[in-house]
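The data block below is data_5.pdb; it holds PDB, C-alpha atoms and all ligand atoms.
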ATOM      1  CA  MET A 960       0.000   0.000   0.000
ATOM      2  CA  PRO A 961       1.360   3.502  -0.806
ATOM      3  CA  GLU A 962       2.289   5.514   2.299
ATOM      4  CA  LEU A 963       1.179   9.142   2.789
ATOM      5  CA  THR A 964       3.204  11.578   4.906
ATOM      6  CA  PRO A 965       1.598  14.950   5.767
ATOM      7  CA  PHE A 966       3.292  17.915   4.064
ATOM      8  CA  LEU A 967       0.879  20.901   4.066
ATOM      9  CA  THR A 968      -2.333  21.233   6.028
ATOM     10  CA  LYS A 969      -5.498  22.749   4.635
ATOM     11  CA  ASP A 970      -5.008  25.719   7.015
ATOM     12  CA  ASP A 971      -1.462  26.358   5.714
ATOM     13  CA  ILE A 972      -2.733  26.275   2.148
ATOM     14  CA  ASP A 973      -5.749  28.525   2.871
ATOM     15  CA  LYS A 974      -3.494  31.269   4.265
ATOM     16  CA  LYS A 975      -1.072  31.120   1.319
ATOM     17  CA  VAL A 976      -3.869  31.123  -1.247
ATOM     18  CA  ALA A 977      -5.418  34.224   0.354
ATOM     19  CA  GLU A 978      -2.005  35.946   0.353
ATOM     20  CA  ILE A 979      -1.301  35.203  -3.329
ATOM     21  CA  ALA A 980      -4.846  36.311  -4.227
ATOM     22  CA  ARG A 981      -4.161  39.694  -2.594
ATOM     23  CA  LYS A 982      -1.040  40.107  -4.767
ATOM     24  CA  ILE A 983      -2.880  39.141  -7.948
ATOM     25  CA  SER A 984      -5.805  41.463  -7.116
ATOM     26  CA  SER A 985      -3.423  44.360  -6.630
ATOM     27  CA  ASP A 986      -1.412  43.660  -9.827
ATOM     28  CA  TYR A 987      -4.454  43.298 -12.103
ATOM     29  CA  GLN A 988      -6.538  46.264 -10.943
ATOM     30  CA  GLY A 989      -8.345  47.875 -13.880
ATOM     31  CA  ARG A 990      -7.287  45.155 -16.351
ATOM     32  CA  GLU A 991      -9.350  42.557 -18.188
ATOM     33  CA  LEU A 992      -8.225  39.277 -16.617
ATOM     34  CA  VAL A 993      -8.976  35.710 -17.713
ATOM     35  CA  LEU A 994      -7.907  32.877 -15.420
ATOM     36  CA  ILE A 995      -7.235  29.600 -17.200
ATOM     37  CA  GLY A 996      -7.106  26.564 -14.918
ATOM     38  CA  ILE A 997      -5.265  23.469 -16.099
ATOM     39  CA  LEU A 998      -7.413  20.410 -15.548
ATOM     40  CA  LYS A 999      -7.569  18.303 -13.718
ATOM     41  CA  GLY A1000      -4.995  19.106 -11.048
ATOM     42  CA  ALA A1001      -5.750  22.817 -10.645
ATOM     43  CA  PHE A1002      -9.486  22.489 -10.008
ATOM     44  CA  ILE A1003      -9.358  22.876  -6.217
ATOM     45  CA  PHE A1004      -6.639  25.559  -6.123
ATOM     46  CA  MET A1005      -8.490  27.552  -8.799
ATOM     47  CA  SER A1006     -11.817  27.374  -6.969
ATOM     48  CA  ASP A1007     -10.261  28.560  -3.694
ATOM     49  CA  LEU A1008      -8.180  31.270  -5.390
ATOM     50  CA  VAL A1009     -11.023  32.901  -7.347
ATOM     51  CA  ARG A1010     -13.083  33.342  -4.202
ATOM     52  CA  HIS A1011     -10.298  35.436  -2.645
ATOM     53  CA  LEU A1012      -9.832  37.748  -5.651
ATOM     54  CA  THR A1013     -11.200  41.270  -5.388
ATOM     55  CA  VAL A1014     -10.884  42.123  -9.116
ATOM     56  CA  PRO A1015     -13.389  41.010 -11.774
ATOM     57  CA  VAL A1016     -12.249  37.893 -13.631
ATOM     58  CA  GLN A1017     -13.451  35.515 -16.276
ATOM     59  CA  VAL A1018     -12.748  31.836 -15.721
ATOM     60  CA  ASP A1019     -11.969  29.100 -18.207
ATOM     61  CA  PHE A1020     -10.214  25.733 -18.279
ATOM     62  CA  ILE A1021      -7.935  23.771 -20.536
ATOM     63  CA  ARG A1022      -7.153  20.105 -20.053
ATOM     64  CA  ALA A1023      -3.616  18.878 -20.552
ATOM     65  CA  ALA A1024      -2.211  15.622 -19.304
ATOM     66  CA  SER A1025       1.138  13.900 -19.488
ATOM     67  CA  TYR A1026       1.543  11.826 -16.320
ATOM     68  CA  GLY A1027      -1.161   9.169 -16.705
ATOM     69  CA  SER A1028      -0.640   6.595 -13.956
ATOM     70  CA  GLU A1029       3.106   7.232 -13.574
ATOM     71  CA  THR A1030       5.110   9.475 -11.232
ATOM     72  CA  SER A1031       7.268  10.758 -14.091
ATOM     73  CA  SER A1032       6.207  12.747 -17.150
ATOM     74  CA  SER A1033       5.598  10.842 -20.392
ATOM     75  CA  GLY A1034       7.051  13.907 -22.121
ATOM     76  CA  THR A1035       4.026  14.098 -24.413
ATOM     77  CA  ILE A1036       1.467  16.798 -23.634
ATOM     78  CA  THR A1037      -2.012  16.158 -24.933
ATOM     79  CA  ILE A1038      -4.690  18.862 -24.960
ATOM     80  CA  THR A1039      -8.028  17.114 -24.643
ATOM     81  CA  LYS A1040     -10.134  20.200 -23.836
ATOM     82  CA  GLU A1041      -9.550  23.586 -25.421
ATOM     83  CA  ILE A1042     -10.354  27.015 -23.905
ATOM     84  CA  GLU A1043     -13.736  28.470 -24.891
ATOM     85  CA  THR A1044     -13.061  32.140 -24.066
ATOM     86  CA  ASP A1045     -11.762  34.670 -26.592
ATOM     87  CA  VAL A1046      -8.569  35.835 -24.867
ATOM     88  CA  LYS A1047      -7.400  38.173 -27.652
ATOM     89  CA  ASN A1048      -6.177  41.452 -26.102
ATOM     90  CA  LYS A1049      -6.951  40.219 -22.596
ATOM     91  CA  HIS A1050      -4.577  39.401 -19.762
ATOM     92  CA  VAL A1051      -4.278  35.654 -19.206
ATOM     93  CA  LEU A1052      -3.217  34.112 -15.911
ATOM     94  CA  ILE A1053      -2.638  30.345 -16.086
ATOM     95  CA  ILE A1054      -3.449  28.504 -12.863
ATOM     96  CA  GLU A1055      -1.460  25.325 -12.174
ATOM     97  CA  ASP A1056      -1.354  22.992  -9.194
ATOM     98  CA  ILE A1057       2.295  22.021  -9.718
ATOM     99  CA  ILE A1058       5.162  22.819 -12.042
ATOM    100  CA  ASP A1059       7.616  19.939 -12.113
ATOM    101  CA  THR A1060       9.630  19.310 -15.305
ATOM    102  CA  GLY A1061       7.983  22.466 -16.715
ATOM    103  CA  LEU A1062       6.977  20.661 -19.910
ATOM    104  CA  THR A1063       3.225  21.145 -19.433
ATOM    105  CA  ILE A1064       3.387  24.837 -18.587
ATOM    106  CA  GLY A1065       5.974  25.569 -21.304
ATOM    107  CA  TYR A1066       3.744  23.943 -23.889
ATOM    108  CA  LEU A1067       0.604  25.734 -22.673
ATOM    109  CA  ILE A1068       2.223  29.186 -22.500
ATOM    110  CA  ASP A1069       3.148  28.896 -26.199
ATOM    111  CA  HIS A1070      -0.281  27.489 -27.031
ATOM    112  CA  LEU A1071      -2.167  30.313 -25.266
ATOM    113  CA  LYS A1072       0.084  33.012 -26.722
ATOM    114  CA  SER A1073      -1.071  31.889 -30.177
ATOM    115  CA  PHE A1074      -4.546  33.374 -29.398
ATOM    116  CA  GLY A1075      -3.114  36.917 -29.153
ATOM    117  CA  PRO A1076      -3.596  37.822 -25.454
ATOM    118  CA  LYS A1077      -2.114  41.066 -24.067
ATOM    119  CA  SER A1078      -0.056  39.081 -21.573
ATOM    120  CA  VAL A1079       0.368  35.529 -20.271
ATOM    121  CA  ARG A1080       1.517  34.912 -16.712
ATOM    122  CA  VAL A1081       1.634  31.817 -14.519
ATOM    123  CA  CYS A1082       0.381  31.198 -10.979
ATOM    124  CA  ALA A1083       1.318  27.863  -9.375
ATOM    125  CA  LEU A1084       0.462  26.431  -5.996
ATOM    126  CA  LEU A1085       3.658  24.340  -5.976
ATOM    127  CA  ASP A1086       6.920  24.950  -7.784
ATOM    128  CA  LYS A1087       9.103  21.841  -7.717
ATOM    129  CA  LYS A1088      12.472  22.623  -9.257
ATOM    130  CA  GLU A1089      14.125  19.211  -8.764
ATOM    131  CA  ARG A1090      13.195  17.800 -12.164
ATOM    132  CA  ARG A1091      12.897  21.066 -14.156
ATOM    133  CA  SER A1092      13.995  20.455 -17.724
ATOM    134  CA  THR A1093      12.832  23.672 -19.396
ATOM    135  CA  ASN A1094      13.363  27.310 -18.554
ATOM    136  CA  VAL A1095       9.966  28.665 -17.465
ATOM    137  CA  SER A1096       9.290  31.717 -15.347
ATOM    138  CA  VAL A1097       6.569  31.356 -12.742
ATOM    139  CA  ASP A1098       5.099  34.715 -11.720
ATOM    140  CA  TYR A1099       3.114  33.744  -8.594
ATOM    141  CA  VAL A1100       4.153  30.778  -6.437
ATOM    142  CA  CYS A1101       2.561  29.668  -3.166
ATOM    143  CA  TYR A1102       5.226  27.103  -2.211
ATOM    144  CA  THR A1103       8.618  26.159  -3.604
ATOM    145  CA  VAL A1104       9.047  22.464  -2.813
ATOM    146  CA  GLU A1105      12.109  20.263  -2.772
ATOM    147  CA  ASN A1106      11.428  16.790  -4.043
ATOM    148  CA  GLY A1107       9.218  13.739  -3.863
ATOM    149  CA  PHE A1108       5.823  13.040  -5.394
ATOM    150  CA  LEU A1109       2.967  15.036  -3.835
ATOM    151  CA  VAL A1110      -0.741  14.252  -3.740
ATOM    152  CA  GLY A1111      -3.923  15.837  -2.388
ATOM    153  CA  TYR A1112      -5.666  19.227  -2.863
ATOM    154  CA  GLY A1113      -6.230  18.352  -6.545
ATOM    155  CA  LEU A1114      -2.969  16.500  -7.164
ATOM    156  CA  ASP A1115      -3.261  12.823  -8.040
ATOM    157  CA  TYR A1116      -1.370   9.634  -8.367
ATOM    158  CA  ALA A1117      -3.135   7.467 -10.965
ATOM    159  CA  GLU A1118      -6.311   9.586 -10.407
ATOM    160  CA  ASN A1119      -6.409   8.911  -6.660
ATOM    161  CA  TYR A1120      -6.036  11.289  -3.675
ATOM    162  CA  ARG A1121      -7.266  14.491  -5.443
ATOM    163  CA  ASN A1122      -9.953  14.915  -2.762
ATOM    164  CA  LEU A1123      -7.610  15.060   0.251
ATOM    165  CA  PRO A1124      -7.921  18.523   1.875
ATOM    166  CA  GLY A1125      -4.161  18.770   2.577
ATOM    167  CA  ILE A1126      -1.032  17.821   0.623
ATOM    168  CA  TYR A1127       0.987  14.666   1.303
ATOM    169  CA  HIS A1128       4.222  13.036   0.188
ATOM    170  CA  LEU A1129       3.519   9.717  -1.497
ATOM    171  CA  LYS A1130       5.849   6.796  -0.921
ATOM    172  CA  LEU A1131       5.169   3.896  -3.263
TER     173      LEU A1131
HETATM  174  O1  LIG B1201       5.816  20.236 -15.084
HETATM  175  P1  LIG B1201       5.328  18.890 -15.521
HETATM  176  O2  LIG B1201       6.380  17.834 -15.352
HETATM  177  O3  LIG B1201       4.758  18.899 -16.902
HETATM  178  O4  LIG B1201       4.188  18.428 -14.491
HETATM  179  C1  LIG B1201       3.139  19.232 -14.079
HETATM  180  C2  LIG B1201       1.819  18.790 -14.652
HETATM  181  O5  LIG B1201       1.589  17.414 -14.336
HETATM  182  C3  LIG B1201       0.334  17.249 -13.696
HETATM  183  O6  LIG B1201      -0.674  17.021 -14.641
HETATM  184  P2  LIG B1201      -1.069  15.563 -15.174
HETATM  185  O7  LIG B1201      -0.441  15.301 -16.500
HETATM  186  O8  LIG B1201      -0.798  14.574 -14.096
HETATM  187  O9  LIG B1201      -2.632  15.736 -15.386
HETATM  188  P3  LIG B1201      -3.726  16.015 -14.229
HETATM  189  O10 LIG B1201      -3.651  17.502 -13.898
HETATM  190  O11 LIG B1201      -5.020  15.644 -14.839
HETATM  191  O12 LIG B1201      -3.370  15.169 -13.043
HETATM  192  C4  LIG B1201       0.134  18.586 -13.002
HETATM  193  O13 LIG B1201      -1.231  18.822 -12.721
HETATM  194  C5  LIG B1201       0.704  19.572 -13.994
HETATM  195  O14 LIG B1201      -0.236  19.974 -14.972
HETATM  196  O1  LIG B1202       4.448  15.678  -7.455
HETATM  197  C1  LIG B1202       3.486  15.560  -8.246
HETATM  198  N1  LIG B1202       2.267  15.101  -7.813
HETATM  199  C2  LIG B1202       1.189  14.970  -8.624
HETATM  200  N2  LIG B1202       1.223  15.275  -9.914
HETATM  201  C3  LIG B1202       2.394  15.725 -10.422
HETATM  202  N3  LIG B1202       2.683  16.098 -11.663
HETATM  203  C4  LIG B1202       3.949  16.477 -11.679
HETATM  204  N4  LIG B1202       4.500  16.357 -10.457
HETATM  205  C5  LIG B1202       3.539  15.884  -9.621
HETATM  206 MG    MG B1203      -1.847  13.927 -12.636
END

File written out as structure tokens:
Amino acid sequence: MPELTPFLTKDDIDKKVAEIARKISSDYQGRELVLIGILKGAFIFMSDLVRHLTVPVQVDFIRAASYGSETSSSGTITITKEIETDVKNKHVLIIEDIIDTGLTIGYLIDHLKSFGPKSVRVCALLDKKERRSTNVSVDYVCYTVENGFLVGYGLDYAENYRNLPGIYHLKL
């Protein structure tokens, strides 16, 4: 049976999410902002974050997957759900649960830029630099994390554990 070790509690995360939302609200005052959540992992982070924002936003999702039932990236990003919002001349903020190798976010930044937005920035709950293989800049980060595979608060291993309120290290 996989072993779960507590890493971040729901209370820790709630405080950080509120703090990052204050920063985003201040930076985007008076601008037309579209948040794009990357499914599935970002669904919980995105839903908590939007409720702390004090600026008007539109919300959309894109689905990209590359991990499947492994703990390492397949290296192939597949978009299985496209955005539905016209982001031309709008400010786009991509919402990610975790940036690991950086392959997913690198691919999606280029993809979203092709729609002609005014700007594209990235907000990630977790920034794990251990396995980074591409040079991506992350504009808003809640936690920089060291290593190990994390689950809970939206993050999965083989589609399990997304519903855990906190975040845990997974030992297989
Ligand atoms: O930086 P990377 O190495 O590309 O890893 C990060 C991506 O991997 C996970 O998605 P996954 O492919 O597991 O899909 P999911 O969100 O549906 O779990 C995670 O949610 C990120 O989108
Ligand atoms: O640590 C992780 N946990 C869950 N999904 C992931 N996708 C990339 N890294 C991770
Ligand atoms: Mg996953």

Kindly provide the residues of chain A that approach ligand LIG 1201 (chain B) to within 9 Å, each paired with its closest atom pair and their distance in Å to one decimal, based on only C-alpha atoms and all ligand atoms, listed by chain and increasing number, as CSV.
residue,atom,partner,partner_atom,distance
A:Ile997,CA,B:LIG1201,O14,6.2
A:Leu998,CA,B:LIG1201,O10,5.0
A:Lys999,CA,B:LIG1201,O11,3.9
A:Gly1000,CA,B:LIG1201,O10,3.5
A:Ala1001,CA,B:LIG1201,O13,6.4
A:Phe1002,CA,B:LIG1201,O10,8.6
A:Arg1022,CA,B:LIG1201,O11,7.2
A:Ala1023,CA,B:LIG1201,O9,6.1
A:Ala1024,CA,B:LIG1201,O7,3.3
A:Ser1025,CA,B:LIG1201,O7,3.7
A:Tyr1026,CA,B:LIG1201,O7,4.0
A:Gly1027,CA,B:LIG1201,O8,6.0
A:Ser1028,CA,B:LIG1201,O8,8.0
A:Glu1029,CA,B:LIG1201,O8,8.3
A:Thr1030,CA,B:LIG1201,O8,8.3
A:Ser1031,CA,B:LIG1201,O2,7.2
A:Ser1032,CA,B:LIG1201,O2,5.4
A:Ser1033,CA,B:LIG1201,O7,8.5
A:Gly1034,CA,B:LIG1201,O3,7.6
A:Thr1035,CA,B:LIG1201,O3,8.9
A:Ile1036,CA,B:LIG1201,O7,7.5
A:Thr1037,CA,B:LIG1201,O7,8.6
A:Glu1055,CA,B:LIG1201,O14,6.2
A:Asp1056,CA,B:LIG1201,O13,5.5
A:Ile1057,CA,B:LIG1201,C5,5.2
A:Ile1058,CA,B:LIG1201,O1,4.0
A:Asp1059,CA,B:LIG1201,O1,3.5
A:Thr1060,CA,B:LIG1201,O2,3.6
A:Gly1061,CA,B:LIG1201,O1,3.5
A:Leu1062,CA,B:LIG1201,O3,4.1
A:Thr1063,CA,B:LIG1201,O3,3.7
A:Ile1064,CA,B:LIG1201,O1,6.3
A:Gly1065,CA,B:LIG1201,O3,8.1
A:Tyr1066,CA,B:LIG1201,O3,8.7
A:Asp1086,CA,B:LIG1201,O1,8.8
A:Lys1087,CA,B:LIG1201,O1,8.2
A:Arg1090,CA,B:LIG1201,O2,7.5
A:Arg1091,CA,B:LIG1201,O1,7.2
A:Ser1092,CA,B:LIG1201,O2,8.4
A:Thr1093,CA,B:LIG1201,O1,8.9
A:Gly1113,CA,B:LIG1201,O12,7.8
A:Leu1114,CA,B:LIG1201,O12,6.0
A:Asp1115,CA,B:LIG1201,O12,5.5
A:Tyr1116,CA,B:LIG1201,O12,7.5
A:Ala1117,CA,B:LIG1201,O12,8.0
A:Glu1118,CA,B:LIG1201,O12,6.8
A:Arg1121,CA,B:LIG1201,O12,8.6

ask   = Which residue out of A:Lys969, A:Lys1077, A:Lys975, A:Arg981 has the minimum interatomic distance to Val993 in chain A when only C-alpha atoms are used?
value = A:Lys1077

Box dimensions and centre (Å, one decimal) enclosing ligand LIG 1202 (chain B), axis-aligned, 4 Å extra per side, as lines of an AutoDock Vina configuration file:
center_x = 2.8
center_y = 15.7
center_z = -9.6
size_x = 11.3
size_y = 9.5
size_z = 12.2

task = Would you mind telling me which residue in A:Thr968, A:Ile1003, A:Ser1073, A:Cys1101 lies nearest to Ala980 in chain A when using only C-alpha atoms?
result = A:Cys1101

inquiry  = What does the structure give for the distance between CA of His1011 in chain A and CA of Lys974 in chain A, in Å to one decimal?
reply    =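 CA of His1011 in chain A sits 10.6 Å away from CA of Lys974 in chain A.
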
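Reported to one decimal place, the separation of CA of Pro961 in chain A from CA of Asp1007 in chain A is 27.8 Å.
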
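For the residues A:Met960, A:His1070, A:Pro965, A:Val1079, ranking by smallest atom-to-atom distance to Tyr1127 in chain A using only C-alpha atoms places A:Pro965 first.
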
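Distance annotation: of A:Glu1043, A:Asp1019, A:Ile1068, A:Ser1006, the residue with the minimal separation from Asn1094 in chain A is A:Ile1068; atom set is all atoms listed in the file.
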
query = Could you work out how far CA of Val1110 in chain A lies from CA of Leu967 in chain A, giving the answer in Å with one decimal?
reply =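 Going from CA of Leu967 in chain A over to CA of Val1110 in chain A, I get 10.4 Å.
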
key: Residue with smallest distance to Leu1085 in chain A - pool A:Val1009, A:Val1100, A:Val1051, A:Val1016, counting only C-alpha atoms   =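 Among A:Val1009, A:Val1100, A:Val1051, A:Val1016, it is A:Val1100 that comes nearest to Leu1085 in chain A.
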
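Considering the residues A:Thr964, A:Gly1111, A:Ile1054, A:Arg1080 and counting only C-alpha atoms, Ser1096 in chain A has its shortest atom-to-atom contact with A:Arg1080.
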
task = Apply the PyMOL selection byres (((chain A and resi 1041) around 8) and not hetatm) to the structure shown and report the selected residues as a list in words.
result =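 When the PyMOL selection byres (((chain A and resi 1041) around 8) and not hetatm) is applied to the shown file, the picked residues are Phe1020, Ile1021, Arg1022, Ile1038, Thr1039, Lys1040, Ile1042 and Glu1043 of chain A.
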
Please complete range 1075-1110 of chain A with N, CA and C atoms and give it back as a short mmCIF file (atom, residue, chain, number, x, y, z; two decimals), keeping the file's coordinate frame.
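Result file follows (out_7.cif):
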data_model
loop_
_atom_site.label_atom_id
_atom_site.label_comp_id
_atom_site.auth_asym_id
_atom_site.auth_seq_id
_atom_site.Cartn_x
_atom_site.Cartn_y
_atom_site.Cartn_z
N GLY A 1075 -3.28 35.46 -29.16
CA GLY A 1075 -3.11 36.92 -29.15
C GLY A 1075 -3.52 37.64 -27.88
N PRO A 1076 -3.26 37.09 -26.69
CA PRO A 1076 -3.60 37.82 -25.45
C PRO A 1076 -2.62 38.98 -25.24
N LYS A 1077 -3.01 39.94 -24.37
CA LYS A 1077 -2.11 41.07 -24.07
C LYS A 1077 -0.92 40.59 -23.26
N SER A 1078 -1.16 39.63 -22.36
CA SER A 1078 -0.06 39.08 -21.57
C SER A 1078 -0.43 37.67 -21.13
N VAL A 1079 0.59 36.87 -20.84
CA VAL A 1079 0.37 35.53 -20.27
C VAL A 1079 1.30 35.39 -19.07
N ARG A 1080 0.72 35.17 -17.91
CA ARG A 1080 1.52 34.91 -16.71
C ARG A 1080 1.08 33.59 -16.09
N VAL A 1081 1.88 33.13 -15.12
CA VAL A 1081 1.63 31.82 -14.52
C VAL A 1081 1.54 31.93 -13.00
N CYS A 1082 0.53 31.29 -12.43
CA CYS A 1082 0.38 31.20 -10.98
C CYS A 1082 0.34 29.71 -10.62
N ALA A 1083 1.26 29.28 -9.75
CA ALA A 1083 1.32 27.86 -9.38
C ALA A 1083 1.24 27.72 -7.87
N LEU A 1084 0.50 26.74 -7.43
CA LEU A 1084 0.46 26.43 -6.00
C LEU A 1084 1.83 25.91 -5.55
N LEU A 1085 2.38 24.98 -6.33
CA LEU A 1085 3.66 24.34 -5.98
C LEU A 1085 4.65 24.47 -7.12
N ASP A 1086 5.86 24.85 -6.79
CA ASP A 1086 6.92 24.95 -7.78
C ASP A 1086 8.02 23.99 -7.36
N LYS A 1087 8.11 22.87 -8.06
CA LYS A 1087 9.10 21.84 -7.72
C LYS A 1087 10.24 21.90 -8.74
N LYS A 1088 11.40 22.33 -8.29
CA LYS A 1088 12.47 22.62 -9.26
C LYS A 1088 13.37 21.42 -9.54
N GLU A 1089 13.25 20.39 -8.69
CA GLU A 1089 14.12 19.21 -8.76
C GLU A 1089 14.28 18.62 -10.17
N ARG A 1090 13.14 18.50 -10.88
CA ARG A 1090 13.20 17.80 -12.16
C ARG A 1090 13.01 18.75 -13.35
N ARG A 1091 13.17 20.09 -13.11
CA ARG A 1091 12.90 21.07 -14.16
C ARG A 1091 13.80 20.83 -15.36
N SER A 1092 13.18 20.70 -16.53
CA SER A 1092 14.00 20.45 -17.72
C SER A 1092 13.84 21.55 -18.76
N THR A 1093 12.95 22.54 -18.48
CA THR A 1093 12.83 23.67 -19.40
C THR A 1093 12.90 24.95 -18.58
N ASN A 1094 13.23 26.04 -19.25
CA ASN A 1094 13.36 27.31 -18.55
C ASN A 1094 12.02 28.05 -18.58
N VAL A 1095 11.25 27.96 -17.49
CA VAL A 1095 9.97 28.66 -17.46
C VAL A 1095 9.96 29.63 -16.28
N SER A 1096 9.36 30.80 -16.49
CA SER A 1096 9.29 31.72 -15.35
C SER A 1096 7.88 31.65 -14.75
N VAL A 1097 7.85 31.48 -13.44
CA VAL A 1097 6.57 31.36 -12.74
C VAL A 1097 6.37 32.65 -11.96
N ASP A 1098 5.27 33.37 -12.26
CA ASP A 1098 5.10 34.72 -11.72
C ASP A 1098 4.57 34.73 -10.29
N TYR A 1099 3.68 33.82 -9.95
CA TYR A 1099 3.11 33.74 -8.59
C TYR A 1099 3.25 32.30 -8.10
N VAL A 1100 3.94 32.13 -6.98
CA VAL A 1100 4.15 30.78 -6.44
C VAL A 1100 3.72 30.76 -4.98
N CYS A 1101 2.92 29.80 -4.59
CA CYS A 1101 2.56 29.67 -3.17
C CYS A 1101 3.68 28.98 -2.40
N TYR A 1102 4.16 27.85 -2.90
CA TYR A 1102 5.23 27.10 -2.21
C TYR A 1102 6.27 26.60 -3.20
N THR A 1103 7.54 26.82 -2.87
CA THR A 1103 8.62 26.16 -3.60
C THR A 1103 8.92 24.88 -2.83
N VAL A 1104 8.88 23.75 -3.52
CA VAL A 1104 9.05 22.46 -2.81
C VAL A 1104 10.27 21.73 -3.33
N GLU A 1105 10.82 20.89 -2.48
CA GLU A 1105 12.11 20.26 -2.77
C GLU A 1105 12.00 19.06 -3.70
N ASN A 1106 11.45 18.00 -3.21
CA ASN A 1106 11.43 16.79 -4.04
C ASN A 1106 10.34 15.84 -3.56
N GLY A 1107 10.23 14.73 -4.23
CA GLY A 1107 9.22 13.74 -3.86
C GLY A 1107 7.91 13.98 -4.60
N PHE A 1108 7.10 12.95 -4.69
CA PHE A 1108 5.82 13.04 -5.39
C PHE A 1108 4.72 13.43 -4.41
N LEU A 1109 3.97 14.48 -4.75
CA LEU A 1109 2.97 15.04 -3.84
C LEU A 1109 1.56 14.74 -4.33
N VAL A 1110 0.66 14.50 -3.39
CA VAL A 1110 -0.74 14.25 -3.74
C VAL A 1110 -1.67 15.01 -2.78
#
